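Engineer: Below is the structure I would like to discuss, written out as structure tokens.
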Amino acid sequence: MAITATVLQLRFNTLLQFIAYVVLFRSLLQLRTSEVQAAPVKITLNTLTNCTNGTTFSPTDGELPISCCPEPDVNLNVSVVDFVPKGNGRLRVRKALQCLSGEELTNYTEKLTKGYELLRNLPADDPRSLMQQRRIHCAYCTGSFTHDGLSSADNFTIDIHFNWLFLPWHRIFLYFHERILQTLLGDENFTLHFWNFDNGDDATNSTQGAGCFTPGHFVPEIYNDNSTSTFDPDRANRTLLPDIPVDLSIPGTVLLVNITVRSVEEAVPRNRAAMQYAMATGTVPRDYFGIPLKYGDVRPINTDAGSMEVQPHSSMHRWLGAAMVLANTSAGDPIFYTFHANFDRLWHSWMGIGNNSDLQPTDPDWLDAEFLFWDENKILTRVKVSDVLSIDDLGYSYEKVNDAFWISWPIANFSSLFLAFRCSCVCLVILCDASSSLGEGSDLPCPTITIWPMLPHSHRKVQSSSGSNIRNAINCRKRQAEAVLGRRLKSPT
């Protein structure tokens with residue numbers, strides 16, 4: 001399905017006006033920060049103490065106020081210590097769940113379910129409990145924390161999503177989650193294995209060497225047994241269906257109420273394309289990591305995210321559905337941690353592709369960003385981004401898996417669905433109709449535009465079912481933005 005030059009010519013003015021509108025809107029948001037001296041984001045005891053209600057956005061109820069602050073019983077009158085990685089001298093290996101079998105699978109299942117039983121049963125004043133870990137994720141992700149000395153009323157609130165803090169913050173969060181499980185189990189060698197959802201191909205006969213090369217795109221059985229502590233009933237019904245893979249092509253910037261269930265034959269090529277697109281080498285740090293977030297910056301929005309956070313990360317949350325869609329509830333489900341372990345692995349894998357290591361931010365305002373976490377001994381710990389850039393230093397590694405599934409997927413295999421549309425600041429992605437093998441079809445209530453400010457020029461694309469859908473898509477995106485912002489916006493002409 002191609003967009004003709006004639007259609008693009010007819011719609012070019014509309015697109016340019018819409019782009020100008022988006023740039024103006026983002027400029028106005030940042031205007032208030034011009035007098036604030038740039039510095040790293042730093043979460044302090046003062047930040048925790050001044051925690052307030054945040055906001056989240058529900059696909060059915062719109063914007064909702066959320067209380068995510070630590071429970072009143074959690075003691076904040078404590079000293080803060082600096083982070084020191086803890087290891088026993090060797091690297092633990094986080095393995096792909098789909099390849100565990102026999103006694104190893106039995107032992108891991110017993111350990112994992114016991115660990116989550118203990119987490120769920122910790123008292124309310126224990127900051128290590130699963131409930132408190134859910135709340136701390138919520139507080140960091142809903143604008144509950146405000147930059148020290150600034151006002152939440154002016155939107156100087158902090159969200160570790162949709163910006164360059166997303167990957168390192170979640171690495172730290174997983175590190176402490178794993179350490180807490182180790183402590184509760186009394187086993188310093190316990191390792192949180194990962195859901196290898198991005199592999200949809202059987203490559204067991206490949207020449208890639210030792211590792212796990214079977215498909216991992218189904219919900220791991222260990223998390224789908226409703227008699228165990230690793231199960232959460234607040235997931236979409238599709239997650240319980242046999243032989244149904246995840247769908248990584250779900251738009252990451254749109255909250256959908258109804259999502260089509262796709263077979264393996266339908267989902268695999270879509271997932272492969274989504275992964276290749278998300279992990280493609282960029283040209284600047286923001287392509288993969290998202291926009292910078294520094295002291296005095298306003299709270300970011302979903303279109304500020306890096307390529308992997310939009311898809312497949314947000315896509316996974318949407319596909320799992322229900323509680324997993326919302327930042328205030330998602331980290332209360334044990335499955336959150338196993339699929340986020342795979343995102344941590346994907347970051348590590350991305351660093352080894354081509355010259356990607358040169359694209360990791362080196363800005364001191366990224367490296368020196370600080371967060372507070374309770375460790376496995378309930379000690380409030382200060383961690384910097386620079387502390388967690390090496391997983392070797394953190395004491396673990398990842399089993400080799402079939403990343404070749406998406407690395408070797410050439411752009412040419414689906415380039416007919418896209419048309420390059422280069423611009424200096426933002427790019428529009430209009431979803432295809434059902435006639436396209438990668439299109440969203442009737443899944444969406446209306447055609448959807450996604451704004452991708454993070455993608456490099458070489459990967460900025462536009463796809464559309466027809467030129468006539470462009471204005472409808474722009475108007476639909478405008479209505480969605482109005483719902484998020486709570487006010488009317490001027491229509492593009």
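Chain labels run A, B, ... following the order of the structure tokens; each chain numbers its residues from 1, and ligands are numbered from 1 in the order shown.
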Write out as a PyMOL selection string all residues of region 79-259 of chain A that DSSP puts in alpha helix (DSSP H) for this structure's backbone.

Structural biologist: chain A and resi 102-121+130-141+166-185

Engineer: Contacts between region 319-341 of chain A and region 156-189 of chain A, please, where a residue of region 156-189 of chain A counts if it comes within 8 Å (with only C-alpha atoms); show its shortest atom pair and distance in Å to one decimal, rows by chain and ascending number, as a Markdown table.

Structural biologist:
| residue | atom | partner | partner_atom | distance |
| --- | --- | --- | --- | --- |
| A:His170 | CA | A:His340 | CA | 7.6 |
| A:Arg171 | CA | A:Ala341 | CA | 7.9 |
| A:Leu174 | CA | A:Tyr337 | CA | 6.7 |

Engineer: To one decimal in Å, tell me the separation between CA of Leu100 (chain A) and CA of Pro215 (chain A).

Structural biologist: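 These atoms are spaced 12.5 Å apart.
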
Engineer: Which parts of region 71-175 of chain A does DSSP call strand (DSSP E or B) when run on the backbone here, written out as a PyMOL selection string?

Structural biologist: chain A and resi 81-82+92-94+96+145-146+157-158

Engineer: Would you pick out the contacts of Asn163 (chain A) at 9 Å or less, using only C-alpha atoms, so that residues sharing its chain but fewer than 2 positions from it are not included, and give the list as a PyMOL selection string?

Structural biologist: chain A and resi 159-161+165-167+286+289-293+300-302+304-306+309

Engineer: Please, what distance in Å, to one decimal, runs between CA of Phe173 (chain A) and CA of Tyr277 (chain A)?

Structural biologist: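 That distance, rounded to one decimal, is 26.3 Å.
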
Engineer: For Ser67 (chain A), which residue out of A:Thr106, A:Lys95, A:Gly115, A:His137 is the nearest one, using only C-alpha atoms?

Structural biologist: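 Once distances to Ser67 (chain A) are computed over only C-alpha atoms, the minimum belongs to A:His137.
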
Engineer: Excluding region 347-358 of chain A and residues on its chain fewer than 5 positions from it, collect all residues at most 12 Å away from it, counting only C-alpha atoms, and give them as a PDB file with C-alpha atoms, in the first residue's frame.

Structural biologist:
ATOM      1  CA  PHE A 166      13.416   5.178  31.645  1.00  0.00           C
ATOM      2  CA  LEU A 167      16.058   2.495  31.034  1.00  0.00           C
ATOM      3  CA  PRO A 168      18.443   3.131  33.966  1.00  0.00           C
ATOM      4  CA  HIS A 170      14.006   0.336  35.634  1.00  0.00           C
ATOM      5  CA  ARG A 171      17.386  -1.424  35.775  1.00  0.00           C
ATOM      6  CA  MET A 275      11.448  -5.034  17.133  1.00  0.00           C
ATOM      7  CA  GLN A 276      13.702  -4.242  14.194  1.00  0.00           C
ATOM      8  CA  ALA A 278      12.612  -0.134  17.754  1.00  0.00           C
ATOM      9  CA  MET A 279      16.168  -1.431  17.937  1.00  0.00           C
ATOM     10  CA  ALA A 280      17.474   0.108  14.700  1.00  0.00           C
ATOM     11  CA  THR A 281      20.579   2.202  15.198  1.00  0.00           C
ATOM     12  CA  GLY A 282      19.797   5.880  15.642  1.00  0.00           C
ATOM     13  CA  THR A 283      21.971   8.907  15.124  1.00  0.00           C
ATOM     14  CA  VAL A 284      21.727  10.726  18.469  1.00  0.00           C
ATOM     15  CA  PRO A 285      21.073   9.537  22.072  1.00  0.00           C
ATOM     16  CA  ASP A 287      16.570   8.261  19.309  1.00  0.00           C
ATOM     17  CA  TYR A 288      16.777   5.250  21.592  1.00  0.00           C
ATOM     18  CA  PHE A 289      16.735   6.777  25.089  1.00  0.00           C
ATOM     19  CA  GLY A 306      12.762   6.669  23.031  1.00  0.00           C
ATOM     20  CA  SER A 307      12.046   4.143  20.311  1.00  0.00           C
ATOM     21  CA  MET A 308      12.008   0.985  22.463  1.00  0.00           C
ATOM     22  CA  GLU A 309       9.865   2.514  25.193  1.00  0.00           C
ATOM     23  CA  HIS A 313       7.509  -1.578  25.948  1.00  0.00           C
ATOM     24  CA  HIS A 340      11.000  -5.726  32.264  1.00  0.00           C
ATOM     25  CA  ALA A 341      14.041  -7.941  32.773  1.00  0.00           C
ATOM     26  CA  ASN A 342      13.882  -8.546  29.024  1.00  0.00           C
ATOM     27  CA  VAL A 388      24.261   0.941  36.899  1.00  0.00           C
ATOM     28  CA  LEU A 389      25.643   1.202  33.368  1.00  0.00           C
ATOM     29  CA  SER A 390      27.515  -2.111  33.618  1.00  0.00           C
ATOM     30  CA  ILE A 391      25.504  -5.249  34.380  1.00  0.00           C
ATOM     31  CA  ASP A 392      28.804  -6.981  35.167  1.00  0.00           C
ATOM     32  CA  TYR A 396      24.564 -10.649  36.481  1.00  0.00           C
ATOM     33  CA  SER A 397      24.584 -11.487  32.787  1.00  0.00           C
ATOM     34  CA  TYR A 398      22.005 -12.701  30.255  1.00  0.00           C
ATOM     35  CA  GLU A 399      21.685 -15.989  28.467  1.00  0.00           C
ATOM     36  CA  LYS A 400      22.199 -15.691  24.727  1.00  0.00           C
ATOM     37  CA  VAL A 401      18.920 -15.770  22.803  1.00  0.00           C
ATOM     38  CA  ASN A 402      17.733 -15.411  19.235  1.00  0.00           C
ATOM     39  CA  ASP A 403      18.143 -11.672  18.717  1.00  0.00           C
ATOM     40  CA  ALA A 404      18.979 -12.545  15.123  1.00  0.00           C
ATOM     41  CA  TRP A 406      14.807  -9.243  14.480  1.00  0.00           C
ATOM     42  CA  ILE A 407      18.376  -8.083  13.785  1.00  0.00           C
ATOM     43  CA  SER A 408      18.356  -9.938  10.459  1.00  0.00           C
TER      44      SER A 408
END

Engineer: Pick the closest to Phe156 (chain A) from A:Gly62, A:Gly186, A:Gly296, A:Gly89: which is it, counting only C-alpha atoms?

Structural biologist: A:Gly296

Engineer: When you draw a straight line from CA of Val74 (chain A) to CA of Pro127 (chain A), how long is it in Å?

Structural biologist: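 Going from CA of Val74 (chain A) over to CA of Pro127 (chain A), I get 6.5 Å.
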
Engineer: Just want the 8 Å neighbourhood of Arg272 (chain A), counted on only C-alpha atoms, with same-chain residues fewer than 2 positions away dropped. Output as a PyMOL selection string.

Structural biologist: chain A and resi 198+200+268-270+274-276+405-406+409

Engineer: Considering only C-alpha atoms, can you say which of A:Gly54, A:Pro242, A:Pro233, A:Pro220 comes closest to Ser152 (chain A)?

Structural biologist: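 Going through A:Gly54, A:Pro242, A:Pro233, A:Pro220 one by one, the smallest distance to Ser152 (chain A) is for A:Gly54.
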
Engineer: Considering only C-alpha atoms, tabulate each residue of region 96-170 of chain A that lies at most 12 Å from region 375-380 of chain A along with its nearest interatomic pair and the corresponding distance in Å to one decimal; arrange the rows by chain and ascending residue number and present them as JSON lines.

Structural biologist:
{"residue": "A:Leu119", "atom": "CA", "partner": "A:Glu376", "partner_atom": "CA", "distance": 11.4}
{"residue": "A:Asp125", "atom": "CA", "partner": "A:Lys378", "partner_atom": "CA", "distance": 10.4}
{"residue": "A:Asp126", "atom": "CA", "partner": "A:Lys378", "partner_atom": "CA", "distance": 7.4}
{"residue": "A:Pro127", "atom": "CA", "partner": "A:Lys378", "partner_atom": "CA", "distance": 6.5}
{"residue": "A:Arg128", "atom": "CA", "partner": "A:Lys378", "partner_atom": "CA", "distance": 6.6}
{"residue": "A:Ser129", "atom": "CA", "partner": "A:Lys378", "partner_atom": "CA", "distance": 10.1}
{"residue": "A:Gln132", "atom": "CA", "partner": "A:Lys378", "partner_atom": "CA", "distance": 11.6}
{"residue": "A:Gln133", "atom": "CA", "partner": "A:Asp375", "partner_atom": "CA", "distance": 10.9}

Engineer: Can you list, as a ChimeraX atom specification, every protein, DNA or RNA residue that comes within 6 Å of Ile43 (chain A) when you count only C-alpha atoms, leaving out same-chain residues fewer than 4 positions away?

Structural biologist: /A:47,370-371

Engineer: Atoms to include: N, CA, C and O atoms. Write the selected residues as an mmCIF file, in the first residue's frame.

Structural biologist:
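So selection_28.cif came out as:
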data_model
loop_
_atom_site.group_PDB
_atom_site.id
_atom_site.type_symbol
_atom_site.label_atom_id
_atom_site.label_comp_id
_atom_site.auth_asym_id
_atom_site.auth_seq_id
_atom_site.Cartn_x
_atom_site.Cartn_y
_atom_site.Cartn_z
ATOM 1 N N THR A 47 12.211 15.248 48.627
ATOM 2 C CA THR A 47 11.301 14.883 47.538
ATOM 3 C C THR A 47 10.281 13.856 48.024
ATOM 4 O O THR A 47 9.079 13.975 47.744
ATOM 5 N N GLU A 370 19.923 11.105 40.247
ATOM 6 C CA GLU A 370 19.898 10.293 41.462
ATOM 7 C C GLU A 370 18.475 9.887 41.829
ATOM 8 O O GLU A 370 17.535 10.678 41.701
ATOM 9 N N PHE A 371 18.360 8.649 42.316
ATOM 10 C CA PHE A 371 17.075 8.131 42.782
ATOM 11 C C PHE A 371 17.260 7.510 44.160
ATOM 12 O O PHE A 371 18.372 7.144 44.549
#

Engineer: Which residues are near Thr113 (chain A)? Cut-off 6 Å, only C-alpha atoms, ignore same chain within fewer than 3 positions. Put them as an NGL selection string.

Structural biologist: :A and (110 or 116 or 229-230)

Engineer: Ranking A:His193, A:Arg299, A:Lys294, A:Arg94 by minimum distance to Thr142 (chain A) and counting only C-alpha atoms, which one comes first?

Structural biologist: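 Among A:His193, A:Arg299, A:Lys294, A:Arg94, it is A:Arg299 that comes nearest to Thr142 (chain A).
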
Engineer: Quick one: of A:Leu248, A:Cys51, A:Ile222, A:Ala38, who's nearest to Leu105 (chain A), counting only C-alpha atoms?

Structural biologist: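 Checking each candidate against Leu105 (chain A), we get A:Ile222 as the closest.
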
Engineer: Counting only C-alpha atoms, which residue out of A:Asn199, A:Gln208, A:Asn77, A:Gln311 sits closest to Ile250 (chain A)?

Structural biologist: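 Of A:Asn199, A:Gln208, A:Asn77, A:Gln311, the one nearest Ile250 (chain A), counting only C-alpha atoms, is A:Gln311.
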